[in-house]
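Colleague: Take this structure, written in structure tokens, and hold onto it; I'll ask about it next.
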Amino acid sequence: MSYYLVSPLKITHARESLLTYESSILLTPGQIVSVPVGSRIVPAVVTSKTKQPEFATKPITALIQEVPLPTSLLILHEWLAQYYDSHPVNVWQTMLPSGLLKKRRNSKKSMITAVRDTSPLTLTTEQNTAIERILQKPHGTTLLHGITGSGKTAVYIEIAKKTIEAGRSVIVLVPEIALTSQIVAEFFPHFKNLSVTHSTMTESARHTLWNTLLSATEPQVVIGPRSALFSPVPDLGLIVIDECHEPAFKQEKSPRYSAIRAAAVLAKTTKSRLILGSATPSVVDYYLAEHTPDADVVEMLATARNITLKPSIELVDMTKKHNFSRSQFLSETFLKKLDETLTAGNQALVFHNRRGSAPITLCENCGWNASCPRCYVPLTLHADHYHLRCHLCNYSEAVPTTCPSCQTAGIIHKGIGTKRIFEELTRLFPKARIARFDGDSSSIDTVESQYQNLYDGNIDIIIGTQVIAKGLDLPHLRFVGIVQADSGLALPDFSSDERVFQLIAQVIGRVGRSDHQSAVIIQSYQPTHPSVVCGIAQNYKDFYQYCLLERKRAHFPPFTYLLTCTAVYKTEAGAVRASRELIKKLREHTSSQVEILGPAPAFYERLRDTYRWQIILKSRSRQHLMNILPLLPATGWQTELDPISLL
């Protein structure tokens, strides 16, 4: 009889997860088994062999997966649990597919099909130089900072080919499912063992694909969102994170891990190359790449195509009302360029990072405004369904015909959303084929499902939020319009400036990729703000220096580490009392090397019938923040290490 420590996929203890079981067959660390836990049979991962304990043990019920998980994933699991102070069970549930105990039928491998121009492109001198520099290092991290249109994907493909030729596997991460179709279409002609994983796959399909990868004997290429990082491919040799600046690479629920940090650990464990690609990398990632010994920064500052014409860019000051005559929020300059584009039979993209029709509904007589009874935030008008909706908890109600407070009929709607833009452009250009892409789009109207129509130019005007700002390369696109470039600057967050800069630069980068003339019209209330000026110029270096000075002055990352502690209570008094008690405790037990801010109401003080108060801790040492975690109450608090935003 042999004895093993196993880690069940069900929480049995507040902190620990290892239990001892016996088995009559020899097992290997990483194999998945089923074990009895109380009255239930649950899957578990074998972690190690152990001595016979003094207490009685139960037998392992069955061997579920004979092929063990790669050792690198076991190491990554342990690191994620420790680094993000997360329960090991939560980490396993993030890394492994659901339904491990279920029997699955064999099914064909999922593949997203999209057709693109696959004629071979001759690599530029800059691309070849980038490839040579990356291949010079047998492993380690490279930040590939390439302007939009510089051909970063071609670099990924060439290095992936070299990796496959060496008998090692490749994982490519993209921030959104919307980009999966495009990058699959580019990778597909070059690799035979290519798999795609994404959130819209069924549980059965994801499990089947996972089993296929675990049992594979040949090197594989896997493309997908951040969860694809945990694919059990044989002998991992390359990890690519495309558009690495995107917030989607940080998970919002426990374990609140960064796929970029986790990928760096996985790459180090497997002695793999890690490539972080972006035209607008985050300030923190660029700083770390510059100051980490085994990291490197590779620049690509020229477009990949031989002849490209830079777009003409014009900035419209939204404070000058004479610029707007036919529309309240679309200037004459904007509409004229859009009209010229459509008349020429070309495609246009209109960007605005706010969905819905209008974010504010109020009474012009008494000032009453419609707000969510659960979250106390303004309700957004959705004119297509003619209802008001909360974008935090999804509460909805009918639009009132009279004011609930003064009973007058003076209900008005203020602000701009993508649905209102859609209605306005439909009115102004009734013959145009218009499509809207945002968080309200149905499953059949997503960028992914409509990608081929977008690529082929079957959609004349593309309207959307940030989902259309991420890496799309559309050959018929000739015009880009940004309705309000500075809309995110008012948010009280240390990363607001950076996010606005990234979105402006990324949206502009959708054009200027060919020898066709294109145009960009940008509307802004703050046309002289550094984020707007540098974003329009796509001047990353100047913005990076500006942002570093601001972050250093205010003691924010990359110069400090952050820990947010949020009290979540049913009553405001409870949240305030708990926050004051904790702040007193923290000030008594923390050193002067930890800066404590708060307590104060969180940005969303009320969310889904709960009140939230926040304490923010800063330190130059992450370990100092880790030492604080045991001081936090077990209930009533949510914590996050290394948050990318304080909202």
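Ligands are numbered from 1 in the order shown, residues from 1 within each chain, and chains are lettered A, B, ... in the order they appear in the structure tokens.
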Identify, on the basis of only C-alpha atoms, every residue whose closest approach to Gly512 (chain A) does not exceed 12 Å; exclude the query and any residue fewer than 2 positions from it along the same chain; express the result as a ChimeraX atom specification.
Modeller: /A:147-150,302-305,307-313,473-480,506-510,514-520
Colleague: Those same residues, written as a JSON list (two decimals), in the first residue's frame with N, CA and C atoms?
Modeller:
```
[["chain", "number", "residue", "atom", "x", "y", "z"],
["A", 147, "ILE", "N", 5.19, 49.53, -33.32],
["A", 147, "ILE", "CA", 4.07, 50.41, -33.64],
["A", 147, "ILE", "C", 2.99, 49.62, -34.36],
["A", 148, "THR", "N", 1.79, 50.16, -34.39],
["A", 148, "THR", "CA", 0.70, 49.47, -35.09],
["A", 148, "THR", "C", 1.07, 49.35, -36.57],
["A", 149, "GLY", "N", 0.90, 48.15, -37.11],
["A", 149, "GLY", "CA", 1.24, 47.91, -38.50],
["A", 149, "GLY", "C", 2.69, 47.53, -38.74],
["A", 150, "SER", "N", 3.46, 47.32, -37.66],
["A", 150, "SER", "CA", 4.88, 47.00, -37.82],
["A", 150, "SER", "C", 5.12, 45.52, -38.11],
["A", 302, "ALA", "N", 8.91, 50.90, -37.65],
["A", 302, "ALA", "CA", 8.50, 51.14, -39.04],
["A", 302, "ALA", "C", 7.40, 50.17, -39.41],
["A", 303, "THR", "N", 6.54, 50.57, -40.35],
["A", 303, "THR", "CA", 5.48, 49.67, -40.80],
["A", 303, "THR", "C", 6.06, 48.54, -41.62],
["A", 304, "ALA", "N", 5.38, 47.39, -41.61],
["A", 304, "ALA", "CA", 5.90, 46.19, -42.27],
["A", 304, "ALA", "C", 5.75, 46.26, -43.78],
["A", 305, "ARG", "N", 4.69, 46.91, -44.26],
["A", 305, "ARG", "CA", 4.48, 46.98, -45.70],
["A", 305, "ARG", "C", 5.41, 48.03, -46.31],
["A", 307, "ILE", "N", 5.16, 50.18, -48.82],
["A", 307, "ILE", "CA", 4.63, 51.52, -49.08],
["A", 307, "ILE", "C", 3.39, 51.72, -48.21],
["A", 308, "THR", "N", 3.48, 52.59, -47.25],
["A", 308, "THR", "CA", 2.33, 52.92, -46.43],
["A", 308, "THR", "C", 2.20, 54.43, -46.34],
["A", 309, "LEU", "N", 0.98, 54.89, -46.32],
["A", 309, "LEU", "CA", 0.70, 56.32, -46.19],
["A", 309, "LEU", "C", 0.14, 56.58, -44.80],
["A", 310, "LYS", "N", 0.76, 57.50, -44.10],
["A", 310, "LYS", "CA", 0.25, 57.86, -42.80],
["A", 310, "LYS", "C", -1.11, 58.55, -42.96],
["A", 311, "PRO", "N", -2.02, 58.30, -42.03],
["A", 311, "PRO", "CA", -3.34, 58.94, -42.16],
["A", 311, "PRO", "C", -3.25, 60.44, -41.88],
["A", 312, "SER", "N", -4.14, 61.17, -42.50],
["A", 312, "SER", "CA", -4.28, 62.59, -42.13],
["A", 312, "SER", "C", -5.09, 62.64, -40.83],
["A", 313, "ILE", "N", -4.60, 63.39, -39.87],
["A", 313, "ILE", "CA", -5.24, 63.44, -38.55],
["A", 313, "ILE", "C", -5.67, 64.87, -38.25],
["A", 473, "ASP", "N", -7.02, 44.37, -38.14],
["A", 473, "ASP", "CA", -6.35, 44.78, -39.37],
["A", 473, "ASP", "C", -7.34, 44.55, -40.52],
["A", 474, "LEU", "N", -8.01, 45.62, -40.95],
["A", 474, "LEU", "CA", -9.07, 45.52, -41.94],
["A", 474, "LEU", "C", -8.65, 46.22, -43.22],
["A", 475, "PRO", "N", -8.55, 45.51, -44.34],
["A", 475, "PRO", "CA", -7.99, 46.09, -45.58],
["A", 475, "PRO", "C", -8.83, 47.18, -46.21],
["A", 476, "HIS", "N", -10.14, 47.24, -45.93],
["A", 476, "HIS", "CA", -11.01, 48.23, -46.57],
["A", 476, "HIS", "C", -11.22, 49.47, -45.70],
["A", 477, "LEU", "N", -10.62, 49.50, -44.52],
["A", 477, "LEU", "CA", -10.84, 50.60, -43.58],
["A", 477, "LEU", "C", -10.04, 51.83, -44.01],
["A", 478, "ARG", "N", -10.74, 52.98, -44.16],
["A", 478, "ARG", "CA", -10.08, 54.20, -44.61],
["A", 478, "ARG", "C", -10.33, 55.40, -43.68],
["A", 479, "PHE", "N", -11.27, 55.25, -42.75],
["A", 479, "PHE", "CA", -11.59, 56.38, -41.87],
["A", 479, "PHE", "C", -11.79, 55.88, -40.44],
["A", 480, "VAL", "N", -11.21, 56.62, -39.49],
["A", 480, "VAL", "CA", -11.41, 56.35, -38.06],
["A", 480, "VAL", "C", -11.86, 57.65, -37.41],
["A", 506, "GLN", "N", -4.19, 53.13, -30.15],
["A", 506, "GLN", "CA", -4.59, 51.87, -30.76],
["A", 506, "GLN", "C", -5.66, 52.08, -31.83],
["A", 507, "VAL", "N", -6.63, 52.95, -31.56],
["A", 507, "VAL", "CA", -7.70, 53.19, -32.53],
["A", 507, "VAL", "C", -7.14, 53.84, -33.79],
["A", 508, "ILE", "N", -6.26, 54.82, -33.62],
["A", 508, "ILE", "CA", -5.63, 55.46, -34.79],
["A", 508, "ILE", "C", -4.85, 54.44, -35.60],
["A", 509, "GLY", "N", -4.27, 53.48, -34.91],
["A", 509, "GLY", "CA", -3.46, 52.46, -35.58],
["A", 509, "GLY", "C", -4.24, 51.49, -36.44],
["A", 510, "ARG", "N", -5.57, 51.59, -36.45],
["A", 510, "ARG", "CA", -6.34, 50.71, -37.34],
["A", 510, "ARG", "C", -6.21, 51.13, -38.80],
["A", 514, "SER", "N", -1.49, 50.69, -45.18],
["A", 514, "SER", "CA", -1.36, 50.33, -46.59],
["A", 514, "SER", "C", -0.99, 51.59, -47.39],
["A", 515, "ASP", "N", -0.99, 51.45, -48.72],
["A", 515, "ASP", "CA", -0.66, 52.60, -49.57],
["A", 515, "ASP", "C", -1.90, 53.42, -49.94],
["A", 516, "HIS", "N", -3.01, 53.17, -49.24],
["A", 516, "HIS", "CA", -4.23, 53.94, -49.48],
["A", 516, "HIS", "C", -4.29, 55.13, -48.52],
["A", 517, "GLN", "N", -4.79, 56.25, -49.01],
["A", 517, "GLN", "CA", -4.95, 57.42, -48.16],
["A", 517, "GLN", "C", -6.08, 57.18, -47.16],
["A", 518, "SER", "N", -5.87, 57.56, -45.92],
["A", 518, "SER", "CA", -6.88, 57.38, -44.88],
["A", 518, "SER", "C", -6.93, 58.62, -44.01],
["A", 519, "ALA", "N", -7.99, 58.71, -43.20],
["A", 519, "ALA", "CA", -8.18, 59.92, -42.39],
["A", 519, "ALA", "C", -8.61, 59.53, -40.98],
["A", 520, "VAL", "N", -8.23, 60.39, -40.02],
["A", 520, "VAL", "CA", -8.62, 60.21, -38.62],
["A", 520, "VAL", "C", -9.15, 61.55, -38.12]]
```
Colleague: Mind checking which residues fall within 7 Å of region 171-175 of chain A, counting only C-alpha atoms, ignoring those fewer than 4 positions away in the same chain, and posting them as a CSV table (one decimal) with C-alpha atoms, in the first residue's frame?
Modeller:
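Okay, this is what ended up in part_31.csv:
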```
chain,number,residue,atom,x,y,z
A,179,LEU,CA,-9.1,38.9,-31.9
A,180,THR,CA,-9.0,35.1,-32.0
A,221,VAL,CA,0.2,25.5,-31.0
A,222,VAL,CA,-2.6,26.8,-28.8
A,223,ILE,CA,-4.3,30.1,-29.2
A,224,GLY,CA,-6.8,31.6,-26.7
A,225,PRO,CA,-7.4,34.1,-23.9
A,226,ARG,CA,-5.5,34.2,-20.6
A,228,ALA,CA,-5.0,29.1,-22.5
A,229,LEU,CA,-1.8,29.7,-20.5
A,238,LEU,CA,7.3,29.7,-26.4
A,239,ILE,CA,4.7,31.9,-24.9
A,240,VAL,CA,3.4,34.9,-26.8
A,241,ILE,CA,1.1,37.5,-25.2
A,242,ASP,CA,-0.3,39.8,-27.9
A,243,GLU,CA,-1.7,43.2,-27.0
A,246,GLU,CA,-4.9,45.0,-22.2
A,248,ALA,CA,-8.2,41.5,-19.8
A,249,PHE,CA,-4.9,39.7,-18.9
```
Colleague: Enumerate, as a PyMOL selection string, the complete set of residues in region 353-527 of chain A that a backbone-based DSSP assignment places in helix (DSSP H, G or I).
Modeller: chain A and resi 418-428+451-456+466-468+496-508
Colleague: As a VMD selection string, please: every residue in region 354-538 of chain A that DSSP puts in strand (DSSP E or B).
Modeller: chain A and resid 358 360 to 363 369 371 378 380 to 382 387 to 389 396 to 398 411 to 414 434 to 437 461 to 464 477 to 482 519 to 524
Colleague: Put those residues in a file: N, CA and C atoms, as a short mmCIF file (atom, residue, chain, number, x, y, z; two decimals), in the first residue's frame.
Modeller:
```cif
data_model
loop_
_atom_site.label_atom_id
_atom_site.label_comp_id
_atom_site.auth_asym_id
_atom_site.auth_seq_id
_atom_site.Cartn_x
_atom_site.Cartn_y
_atom_site.Cartn_z
N ALA A 358 -27.71 56.77 -23.65
CA ALA A 358 -27.40 57.98 -22.87
C ALA A 358 -27.14 57.57 -21.42
N ILE A 360 -27.18 59.39 -18.67
CA ILE A 360 -27.89 60.16 -17.65
C ILE A 360 -29.34 60.39 -18.09
N THR A 361 -30.28 60.09 -17.18
CA THR A 361 -31.70 60.40 -17.39
C THR A 361 -32.14 61.27 -16.22
N LEU A 362 -32.66 62.45 -16.51
CA LEU A 362 -33.02 63.36 -15.41
C LEU A 362 -34.24 64.20 -15.77
N CYS A 363 -34.72 64.89 -14.75
CA CYS A 363 -35.86 65.80 -14.92
C CYS A 363 -35.32 67.23 -15.04
N ASN A 369 -32.78 62.47 -10.93
CA ASN A 369 -32.12 61.62 -11.92
C ASN A 369 -32.38 60.16 -11.62
N SER A 371 -31.56 56.51 -10.96
CA SER A 371 -30.40 55.77 -10.46
C SER A 371 -30.82 54.37 -10.04
N PRO A 378 -26.06 56.15 -11.78
CA PRO A 378 -27.05 56.52 -12.80
C PRO A 378 -27.38 55.34 -13.72
N THR A 380 -28.45 53.78 -17.30
CA THR A 380 -28.17 54.12 -18.70
C THR A 380 -29.37 53.80 -19.57
N LEU A 381 -29.74 54.75 -20.42
CA LEU A 381 -30.84 54.54 -21.36
C LEU A 381 -30.38 53.63 -22.50
N HIS A 382 -31.18 52.61 -22.79
CA HIS A 382 -30.99 51.77 -23.97
C HIS A 382 -32.23 51.97 -24.84
N HIS A 387 -35.50 51.00 -22.30
CA HIS A 387 -35.49 50.81 -20.85
C HIS A 387 -34.20 51.39 -20.28
N LEU A 388 -34.19 51.55 -18.96
CA LEU A 388 -33.00 52.02 -18.24
C LEU A 388 -32.32 50.82 -17.60
N ARG A 389 -30.99 50.79 -17.68
CA ARG A 389 -30.27 49.62 -17.17
C ARG A 389 -29.04 50.04 -16.37
N SER A 396 -32.87 46.63 -14.42
CA SER A 396 -33.49 47.45 -15.47
C SER A 396 -34.90 47.84 -15.07
N GLU A 397 -35.35 48.94 -15.66
CA GLU A 397 -36.72 49.40 -15.42
C GLU A 397 -37.18 50.20 -16.63
N ALA A 398 -38.48 50.41 -16.74
CA ALA A 398 -39.03 51.17 -17.85
C ALA A 398 -38.65 52.64 -17.73
N ILE A 411 -38.77 64.84 -18.70
CA ILE A 411 -37.70 63.83 -18.64
C ILE A 411 -36.80 63.99 -19.87
N ILE A 412 -35.50 64.17 -19.63
CA ILE A 412 -34.54 64.30 -20.73
C ILE A 412 -33.39 63.31 -20.52
N HIS A 413 -32.66 63.06 -21.59
CA HIS A 413 -31.54 62.11 -21.55
C HIS A 413 -30.27 62.82 -22.01
N LYS A 414 -29.20 62.69 -21.23
CA LYS A 414 -27.96 63.39 -21.51
C LYS A 414 -26.82 62.39 -21.74
N ILE A 434 -24.50 49.49 -41.28
CA ILE A 434 -23.89 49.89 -40.00
C ILE A 434 -23.98 48.74 -39.01
N ALA A 435 -22.91 48.50 -38.27
CA ALA A 435 -22.90 47.46 -37.23
C ALA A 435 -22.30 48.04 -35.96
N ARG A 436 -22.87 47.64 -34.83
CA ARG A 436 -22.41 48.12 -33.52
C ARG A 436 -21.84 46.94 -32.73
N PHE A 437 -20.67 47.17 -32.10
CA PHE A 437 -20.02 46.12 -31.31
C PHE A 437 -19.68 46.67 -29.93
N ILE A 461 -19.99 51.00 -41.84
CA ILE A 461 -19.61 51.78 -40.66
C ILE A 461 -19.58 50.84 -39.45
N ILE A 462 -18.43 50.79 -38.79
CA ILE A 462 -18.25 49.97 -37.59
C ILE A 462 -18.30 50.91 -36.39
N ILE A 463 -19.24 50.68 -35.49
CA ILE A 463 -19.35 51.49 -34.28
C ILE A 463 -19.04 50.58 -33.09
N GLY A 464 -18.24 51.07 -32.14
CA GLY A 464 -17.97 50.20 -31.01
C GLY A 464 -17.16 50.84 -29.90
N LEU A 477 -10.62 49.50 -44.52
CA LEU A 477 -10.84 50.60 -43.58
C LEU A 477 -10.04 51.83 -44.01
N ARG A 478 -10.74 52.98 -44.16
CA ARG A 478 -10.08 54.20 -44.61
C ARG A 478 -10.33 55.40 -43.68
N PHE A 479 -11.27 55.25 -42.75
CA PHE A 479 -11.59 56.38 -41.87
C PHE A 479 -11.79 55.88 -40.44
N VAL A 480 -11.21 56.62 -39.49
CA VAL A 480 -11.41 56.35 -38.06
C VAL A 480 -11.86 57.65 -37.41
N GLY A 481 -12.95 57.56 -36.65
CA GLY A 481 -13.43 58.73 -35.91
C GLY A 481 -13.56 58.40 -34.44
N ILE A 482 -13.00 59.25 -33.59
CA ILE A 482 -13.12 59.09 -32.13
C ILE A 482 -14.06 60.17 -31.64
N ALA A 519 -7.99 58.71 -43.20
CA ALA A 519 -8.18 59.92 -42.39
C ALA A 519 -8.61 59.53 -40.98
N VAL A 520 -8.23 60.39 -40.02
CA VAL A 520 -8.62 60.21 -38.62
C VAL A 520 -9.15 61.55 -38.12
N ILE A 521 -10.34 61.54 -37.53
CA ILE A 521 -10.91 62.73 -36.90
C ILE A 521 -11.09 62.42 -35.42
N ILE A 522 -10.51 63.27 -34.59
CA ILE A 522 -10.56 63.07 -33.13
C ILE A 522 -11.23 64.27 -32.49
N GLN A 523 -12.27 64.01 -31.74
CA GLN A 523 -12.99 65.06 -31.01
C GLN A 523 -12.63 64.98 -29.54
N SER A 524 -12.40 66.14 -28.92
CA SER A 524 -11.99 66.13 -27.51
C SER A 524 -12.34 67.46 -26.84
#
```
Colleague: Just want the 7 Å neighbourhood of region 92-104 of chain A, counted on only C-alpha atoms, with same-chain residues fewer than 3 positions away dropped. Output as a ChimeraX atom specification.
Modeller: /A:9,43,88-89,203-204,206-208,230
Colleague: At most 7 Å is the cut-off: for each residue in region 28-145 of chain A with any atom that close to an atom of region 276-285 of chain A, write down the nearest atom pair and the distance in Å rounded to one decimal, counting only C-alpha atoms, chain first then increasing number, as a tab-separated table.
Modeller:
```
residue	atom	partner	partner_atom	distance
A:Thr142	CA	A:Leu276	CA	6.2
A:Leu143	CA	A:Leu276	CA	4.7
A:Leu144	CA	A:Gly277	CA	4.7
A:His145	CA	A:Ser278	CA	5.4
```
Colleague: Given the selection you just returned, output its residues as a file containing N, CA and C atoms, formatted as a PDB file, in the first residue's frame.
Modeller:
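File result.pdb, as written:
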```
ATOM      1  N   THR A 142      11.040  38.970 -23.608  1.00  0.00           N
ATOM      2  CA  THR A 142      11.284  40.054 -24.554  1.00  0.00           C
ATOM      3  C   THR A 142      10.021  40.876 -24.698  1.00  0.00           C
ATOM      4  N   LEU A 143      10.131  42.166 -24.460  1.00  0.00           N
ATOM      5  CA  LEU A 143       9.021  43.079 -24.732  1.00  0.00           C
ATOM      6  C   LEU A 143       9.184  43.568 -26.163  1.00  0.00           C
ATOM      7  N   LEU A 144       8.301  43.112 -27.044  1.00  0.00           N
ATOM      8  CA  LEU A 144       8.334  43.515 -28.449  1.00  0.00           C
ATOM      9  C   LEU A 144       7.464  44.747 -28.611  1.00  0.00           C
ATOM     10  N   HIS A 145       8.119  45.921 -28.584  1.00  0.00           N
ATOM     11  CA  HIS A 145       7.397  47.186 -28.696  1.00  0.00           C
ATOM     12  C   HIS A 145       7.395  47.596 -30.160  1.00  0.00           C
TER      13      HIS A 145
END
```
Colleague: Just how far from CA of Glu66 (chain A) is CA of Gly38 (chain A), in Å to one decimal?
Modeller: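 Taking CA of Gly38 (chain A) and CA of Glu66 (chain A), their separation equals 24.5 Å.
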Colleague: Can you work out the spacing between CA of Cys403 (chain A) and CA of Tyr376 (chain A) in Å, to one decimal?
Modeller: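 Calculated distance between CA of Cys403 (chain A) and CA of Tyr376 (chain A) is 17.6 Å.
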